[in-house]
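J.: This is the structure I want to talk about, given as structure tokens.
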Amino acid sequence: MPNGVMVIAEQRDGEIRKVSYEIVSEGRNLADSLGQVVTAVLLGSGVKDKAAILGQYGADRVLVADDPRLETYTTDAYVAVIAEVVKANDPAILLLGGSAQGKDLSARLSARLGVGTAQDCTAFSLESGNLVALRPIYAGKAYAKVSFVDSWPQMAVARPNVMAMNEPNTSKSPEVVDVSFSLDDSALKTRVVESIRDESGKVDLTEADIIVSGGRGMKGPEGYGILEELANVLGASVGASRSAVDAGWRPHSDQVGQTGKVVSPNLYIACGISGAIQHLAGMSTSKVIVAINKDAEAPIFQKADFGVVDDLFNIIPAFTEEVKKIA
Ligand SMILES: Cc1cc2nc3c(=O)[nH]c(=O)nc-3n(C[C@H](O)[C@H](O)[C@H](O)COP(=O)(O)OP(=O)(O)OC[C@H]3O[C@@H](n4cnc5c(N)ncnc54)[C@H](O)[C@@H]3O)c2cc1C
């Protein structure tokens, strides 16, 4: 009988991604209710010394697949290894983080395992010992409860930045186990030849704690100067609406929304953004939403916790100066 909660941890350049701690924490909560163990799986090259930290967030055991061919993520290699590890361990619940990598991996993995998967989940619970996943649908207008019918592992992917992380318990260390796996070179169809790093040093929007986002109301690329300055003093990342991206004012990697990134920061400041449903789809799970818009009827105010009806070119510089005084 399948048993236990398995969590697929994610690392980049040998550093474990925040979403991994979120799903380990969530896995811990579920496993405690079930009276079962949490097993994290970590793939990479030379990453074994990072495994222990997963224990601080709740993993009882970490299975490490260490191999130079796993240094950089490729769908072929990661799916092959993880599918083998999952089958060998037969977990009841399998959780992944919904980063770009996790979304890619989970789709192929669910096909390889022959099970369904609930994507973009914002909460997990249990009913009669089975996983129930909550996920936004219709661009966040409604929530669907997804349960699993006679299929294991019950597999779900968590939206990053939504689920609470446990406080790390530094006195806890998990059992760290090297797993053996067969990785047939002939099955590897892709090879990473070069990675081009974003040199801006800015935190990826999906992991940012604070996002200052600008739309068509910024009037042009130069308008973003005041947003960059506010972002600097707040330690925030800058996002954009699709109108701003389509106009060529910001790169596509900044786009928030249905066809951009889905973000859930603690604070989202929407500046000169009307609040179209496709934009809301990408940011409505933010913990606190502030809108600055000169149109009091703009739909963004229906989602905002706090709103300022005024010209953003007056408000943002004044706000930045106030933040500087207390920063
Ligand atoms: C299939 C599809 C997918 C889409 N995907 C996305 C997506 O991923 N993300 C996304 O954002 N959109 C997406 N869109 C586009 C979406 O429908 C909207 O067109 C877009 O979000 C509008 O961007 P905006 O709010 O910046 O511009 P507008 O709707 O033009 O709003 C600009 C706002 O700025 C305010 N403003 C102007 N000047 C000032 C000022 N000086 N001070 C204060 N306020 C000011 C105005 O009052 C207005 O509310 C998608 C559309 C489709 C059809």
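Each chain in the structure tokens gets a letter, A, B, ..., in the order shown, and its residues are numbered from 1; ligands are numbered from 1 in order too.
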Within 6 Å of ligand 1, counting only C-alpha atoms and all ligand atoms: which residues, as a PyMOL selection string?
T.: chain A and resi 215-217+241-244+256-260+272-276+278-279+292-295+298+310-313
J.: List the neighbours of stretch 8-16 of chain A out to 7 Å using only C-alpha atoms; skip same-chain residues closer than 2 positions along the sequence, and give me the result as a ChimeraX atom specification.
T.: /A:6,18,20,40-42,47,95-96
J.: May I have the selected residues written with N, CA, C and O atoms, as a PDB file, in the first residue's frame?
T.:
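result04.pdb, freshly written:
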```
ATOM      1  N   MET A   6       6.106  12.289  -0.315  1.00  0.00           N
ATOM      2  CA  MET A   6       7.393  12.543  -0.988  1.00  0.00           C
ATOM      3  C   MET A   6       7.347  13.941  -1.599  1.00  0.00           C
ATOM      4  O   MET A   6       6.341  14.350  -2.179  1.00  0.00           O
ATOM      5  N   LYS A  18      13.540  28.358  -2.610  1.00  0.00           N
ATOM      6  CA  LYS A  18      12.602  28.608  -1.503  1.00  0.00           C
ATOM      7  C   LYS A  18      11.345  27.742  -1.596  1.00  0.00           C
ATOM      8  O   LYS A  18      10.831  27.250  -0.582  1.00  0.00           O
ATOM      9  N   SER A  20      11.012  24.859  -2.379  1.00  0.00           N
ATOM     10  CA  SER A  20      11.248  23.514  -1.827  1.00  0.00           C
ATOM     11  C   SER A  20      10.942  23.492  -0.333  1.00  0.00           C
ATOM     12  O   SER A  20      10.373  22.532   0.187  1.00  0.00           O
ATOM     13  N   ALA A  40      12.192  13.762   1.201  1.00  0.00           N
ATOM     14  CA  ALA A  40      12.515  14.730   0.147  1.00  0.00           C
ATOM     15  C   ALA A  40      13.478  14.064  -0.827  1.00  0.00           C
ATOM     16  O   ALA A  40      14.282  13.209  -0.429  1.00  0.00           O
ATOM     17  N   VAL A  41      13.391  14.463  -2.081  1.00  0.00           N
ATOM     18  CA  VAL A  41      14.291  13.936  -3.104  1.00  0.00           C
ATOM     19  C   VAL A  41      15.072  15.112  -3.675  1.00  0.00           C
ATOM     20  O   VAL A  41      14.477  16.135  -4.046  1.00  0.00           O
ATOM     21  N   LEU A  42      16.386  14.993  -3.704  1.00  0.00           N
ATOM     22  CA  LEU A  42      17.224  16.092  -4.179  1.00  0.00           C
ATOM     23  C   LEU A  42      18.143  15.582  -5.282  1.00  0.00           C
ATOM     24  O   LEU A  42      18.909  14.637  -5.076  1.00  0.00           O
ATOM     25  N   VAL A  47      25.590  18.030  -4.386  1.00  0.00           N
ATOM     26  CA  VAL A  47      24.574  18.739  -3.584  1.00  0.00           C
ATOM     27  C   VAL A  47      24.295  18.067  -2.239  1.00  0.00           C
ATOM     28  O   VAL A  47      23.454  18.535  -1.478  1.00  0.00           O
ATOM     29  N   LEU A  95       4.563  15.748  -3.879  1.00  0.00           N
ATOM     30  CA  LEU A  95       4.414  17.199  -4.041  1.00  0.00           C
ATOM     31  C   LEU A  95       5.608  17.791  -4.778  1.00  0.00           C
ATOM     32  O   LEU A  95       6.759  17.397  -4.538  1.00  0.00           O
ATOM     33  N   LEU A  96       5.319  18.750  -5.643  1.00  0.00           N
ATOM     34  CA  LEU A  96       6.378  19.497  -6.326  1.00  0.00           C
ATOM     35  C   LEU A  96       6.078  20.982  -6.209  1.00  0.00           C
ATOM     36  O   LEU A  96       4.933  21.379  -5.975  1.00  0.00           O
TER      37      LEU A  96
END
```
J.: Which one of A:Leu131, A:Met283, A:Ala88, A:Ile226 sits closest to A:Val162 if you count only C-alpha atoms?
T.: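 Among A:Leu131, A:Met283, A:Ala88, A:Ile226, it is A:Met283 that comes nearest to A:Val162.
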J.: Please provide as a tab-separated table (two decimals) with all heavy atoms, in the first residue's frame all residues within 10 Å of A:Asp150, with the sequence filter that same-chain residues fewer than 3 positions apart are discarded (counting only C-alpha atoms).
T.:
```
chain	number	residue	atom	x	y	z
A	115	VAL	N	-0.24	8.90	-13.67
A	115	VAL	CA	-1.19	9.43	-12.68
A	115	VAL	C	-1.57	10.86	-13.06
A	115	VAL	O	-0.85	11.52	-13.80
A	115	VAL	CB	-0.60	9.43	-11.24
A	115	VAL	CG1	-0.31	8.02	-10.79
A	115	VAL	CG2	0.62	10.31	-11.13
A	130	ASN	N	-7.03	11.04	2.10
A	130	ASN	CA	-6.63	11.35	0.72
A	130	ASN	C	-6.35	12.84	0.55
A	130	ASN	O	-7.00	13.68	1.19
A	130	ASN	CB	-7.75	10.94	-0.25
A	130	ASN	CG	-7.84	9.43	-0.36
A	130	ASN	OD1	-6.84	8.76	-0.63
A	130	ASN	ND2	-9.02	8.89	-0.12
A	147	SER	N	-9.66	16.14	-5.93
A	147	SER	CA	-9.28	14.95	-5.17
A	147	SER	C	-8.91	13.84	-6.15
A	147	SER	O	-9.11	13.98	-7.35
A	147	SER	CB	-10.41	14.52	-4.23
A	147	SER	OG	-11.58	14.31	-4.98
A	153	PRO	N	0.89	7.70	-6.84
A	153	PRO	CA	0.81	8.74	-5.81
A	153	PRO	C	-0.17	9.84	-6.20
A	153	PRO	O	-0.38	10.11	-7.37
A	153	PRO	CB	2.24	9.28	-5.75
A	153	PRO	CG	2.81	9.01	-7.10
A	153	PRO	CD	2.18	7.75	-7.57
A	154	GLN	N	-0.75	10.45	-5.16
A	154	GLN	CA	-1.64	11.59	-5.37
A	154	GLN	C	-0.71	12.80	-5.54
A	154	GLN	O	-0.04	13.22	-4.60
A	154	GLN	CB	-2.59	11.72	-4.19
A	154	GLN	CG	-3.44	10.46	-4.08
A	154	GLN	CD	-4.33	10.40	-2.87
A	154	GLN	OE1	-4.16	11.15	-1.92
A	154	GLN	NE2	-5.29	9.48	-2.91
```
J.: Name the closest residue to A:Lys87 among the candidates A:Leu109, A:Ile211, A:Leu188, A:Ala123; distances are taken between atoms, counting only C-alpha atoms.
T.: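 Ranking A:Leu109, A:Ile211, A:Leu188, A:Ala123 by distance to A:Lys87, first place goes to A:Leu109.
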J.: Taking the chain letters and numbering used in this document, name the residues of stretch 194-265 of chain A that DSSP puts in helix (DSSP H, G or I), as a PyMOL selection string.
T.: chain A and resi 205-207+216-218+221-234+242-246+252-254
J.: Which residue, A:Glu228, A:Asp305, A:Asp198, A:Glu26, has the smallest gap to A:Phe124 when you use only C-alpha atoms?
T.: A:Glu26
J.: Expressed in Å to a single decimal, how great is the separation between atom CA of A:Ser237 and atom CA of A:Ile137?
T.: 26.2 Å
J.: For A:Leu234, please output as a PDB file with N, CA, C and O atoms, in the first residue's frame all residues within 9 Å (counting only C-alpha atoms; exclusion window: fewer than 3 positions along the same chain).
T.:
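out-v3.pdb, written as the output of this step:
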```pdb
ATOM      1  N   ILE A 210       8.341  41.419  -2.196  1.00  0.00           N
ATOM      2  CA  ILE A 210       7.618  42.655  -2.536  1.00  0.00           C
ATOM      3  C   ILE A 210       7.775  42.884  -4.041  1.00  0.00           C
ATOM      4  O   ILE A 210       8.882  42.744  -4.578  1.00  0.00           O
ATOM      5  N   GLU A 229      13.418  53.031  -8.419  1.00  0.00           N
ATOM      6  CA  GLU A 229      13.935  53.684  -7.214  1.00  0.00           C
ATOM      7  C   GLU A 229      13.150  53.221  -5.979  1.00  0.00           C
ATOM      8  O   GLU A 229      13.739  52.888  -4.942  1.00  0.00           O
ATOM      9  N   LEU A 230      11.828  53.151  -6.134  1.00  0.00           N
ATOM     10  CA  LEU A 230      11.012  52.671  -5.008  1.00  0.00           C
ATOM     11  C   LEU A 230      11.381  51.217  -4.686  1.00  0.00           C
ATOM     12  O   LEU A 230      11.529  50.837  -3.514  1.00  0.00           O
ATOM     13  N   ALA A 231      11.547  50.416  -5.748  1.00  0.00           N
ATOM     14  CA  ALA A 231      11.895  49.006  -5.545  1.00  0.00           C
ATOM     15  C   ALA A 231      13.225  48.885  -4.804  1.00  0.00           C
ATOM     16  O   ALA A 231      13.373  48.040  -3.916  1.00  0.00           O
ATOM     17  N   SER A 237      11.173  43.665  -6.277  1.00  0.00           N
ATOM     18  CA  SER A 237      11.407  43.426  -7.703  1.00  0.00           C
ATOM     19  C   SER A 237      10.356  44.205  -8.482  1.00  0.00           C
ATOM     20  O   SER A 237       9.260  44.443  -7.987  1.00  0.00           O
ATOM     21  N   THR A 320       8.461  57.168  -1.975  1.00  0.00           N
ATOM     22  CA  THR A 320       9.860  56.705  -1.909  1.00  0.00           C
ATOM     23  C   THR A 320      10.638  57.523  -0.877  1.00  0.00           C
ATOM     24  O   THR A 320      11.402  56.972  -0.066  1.00  0.00           O
ATOM     25  N   VAL A 323       9.685  56.376   2.570  1.00  0.00           N
ATOM     26  CA  VAL A 323      10.276  55.064   2.913  1.00  0.00           C
ATOM     27  C   VAL A 323      11.754  55.243   3.252  1.00  0.00           C
ATOM     28  O   VAL A 323      12.269  54.636   4.200  1.00  0.00           O
ATOM     29  N   LYS A 324      12.431  56.121   2.489  1.00  0.00           N
ATOM     30  CA  LYS A 324      13.872  56.350   2.754  1.00  0.00           C
ATOM     31  C   LYS A 324      14.089  56.821   4.186  1.00  0.00           C
ATOM     32  O   LYS A 324      15.082  56.472   4.822  1.00  0.00           O
ATOM     33  N   ALA A 327      13.812  53.675   6.295  1.00  0.00           N
ATOM     34  CA  ALA A 327      14.561  52.463   5.894  1.00  0.00           C
ATOM     35  C   ALA A 327      15.914  52.416   6.587  1.00  0.00           C
ATOM     36  O   ALA A 327      16.485  53.415   6.935  1.00  0.00           O
TER      37      ALA A 327
END
```
J.: Among the residues of stretch 184-279 of chain A, find those DSSP assigns to strand (DSSP E or B) from the backbone and print them as a PyMOL selection string.
T.: chain A and resi 210-214+237-240+255-256+261+267-271
J.: Using only C-alpha atoms, please write the residues we just selected to a file, as a PDB file, in the first residue's frame.
T.:
```
ATOM      1  CA  ILE A 210       7.618  42.655  -2.536  1.00  0.00           C
ATOM      2  CA  ILE A 211       6.736  43.561  -6.123  1.00  0.00           C
ATOM      3  CA  VAL A 212       6.294  47.066  -7.475  1.00  0.00           C
ATOM      4  CA  SER A 213       4.497  46.678 -10.773  1.00  0.00           C
ATOM      5  CA  GLY A 214       3.796  49.221 -13.492  1.00  0.00           C
ATOM      6  CA  SER A 237      11.407  43.426  -7.703  1.00  0.00           C
ATOM      7  CA  VAL A 238       9.785  45.332 -10.551  1.00  0.00           C
ATOM      8  CA  GLY A 239       6.933  43.765 -12.502  1.00  0.00           C
ATOM      9  CA  ALA A 240       4.767  44.942 -15.377  1.00  0.00           C
ATOM     10  CA  GLN A 255       5.133  40.322 -17.092  1.00  0.00           C
ATOM     11  CA  VAL A 256       2.649  39.369 -14.412  1.00  0.00           C
ATOM     12  CA  LYS A 261       4.221  35.016 -14.265  1.00  0.00           C
ATOM     13  CA  LEU A 267       3.126  43.032  -0.896  1.00  0.00           C
ATOM     14  CA  TYR A 268       2.114  43.869  -4.484  1.00  0.00           C
ATOM     15  CA  ILE A 269       1.986  47.543  -5.442  1.00  0.00           C
ATOM     16  CA  ALA A 270       0.137  48.038  -8.739  1.00  0.00           C
ATOM     17  CA  CYS A 271       0.910  51.396 -10.314  1.00  0.00           C
TER      18      CYS A 271
END
```
J.: Find, counting only C-alpha atoms, the residue in A:Tyr21, A:Phe301, A:Tyr143, A:Tyr57 that gets nearest to A:Ser171.
T.: A:Tyr57
J.: Can you pull out every residue within 8 Å of A:Pro136, counting only C-alpha atoms, but drop anything in the same chain fewer than 6 positions away, and send it as JSON, numbers by chain?
T.: {"A": [120, 121, 122, 142, 143, 144]}
J.: Okay, now the selection with C-alpha atoms, as a compact mmCIF listing (two decimals), in the first residue's frame?
T.:
```
# COMPACT_ATOMS: atom_id res chain seq x y z
CA ASP A 120 -0.97 25.51 -9.39
CA CYS A 121 -2.40 24.56 -5.99
CA THR A 122 -2.80 27.16 -3.28
CA ALA A 142 -13.29 30.59 -8.46
CA TYR A 143 -11.49 27.76 -6.68
CA ALA A 144 -11.70 24.07 -7.57
```
J.: For A:Lys141, which of A:Ser182, A:Thr285, A:Ser99, A:Ser173 is the closest residue, counting only C-alpha atoms?
T.: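 Checking each candidate against A:Lys141, we get A:Thr285 as the closest.
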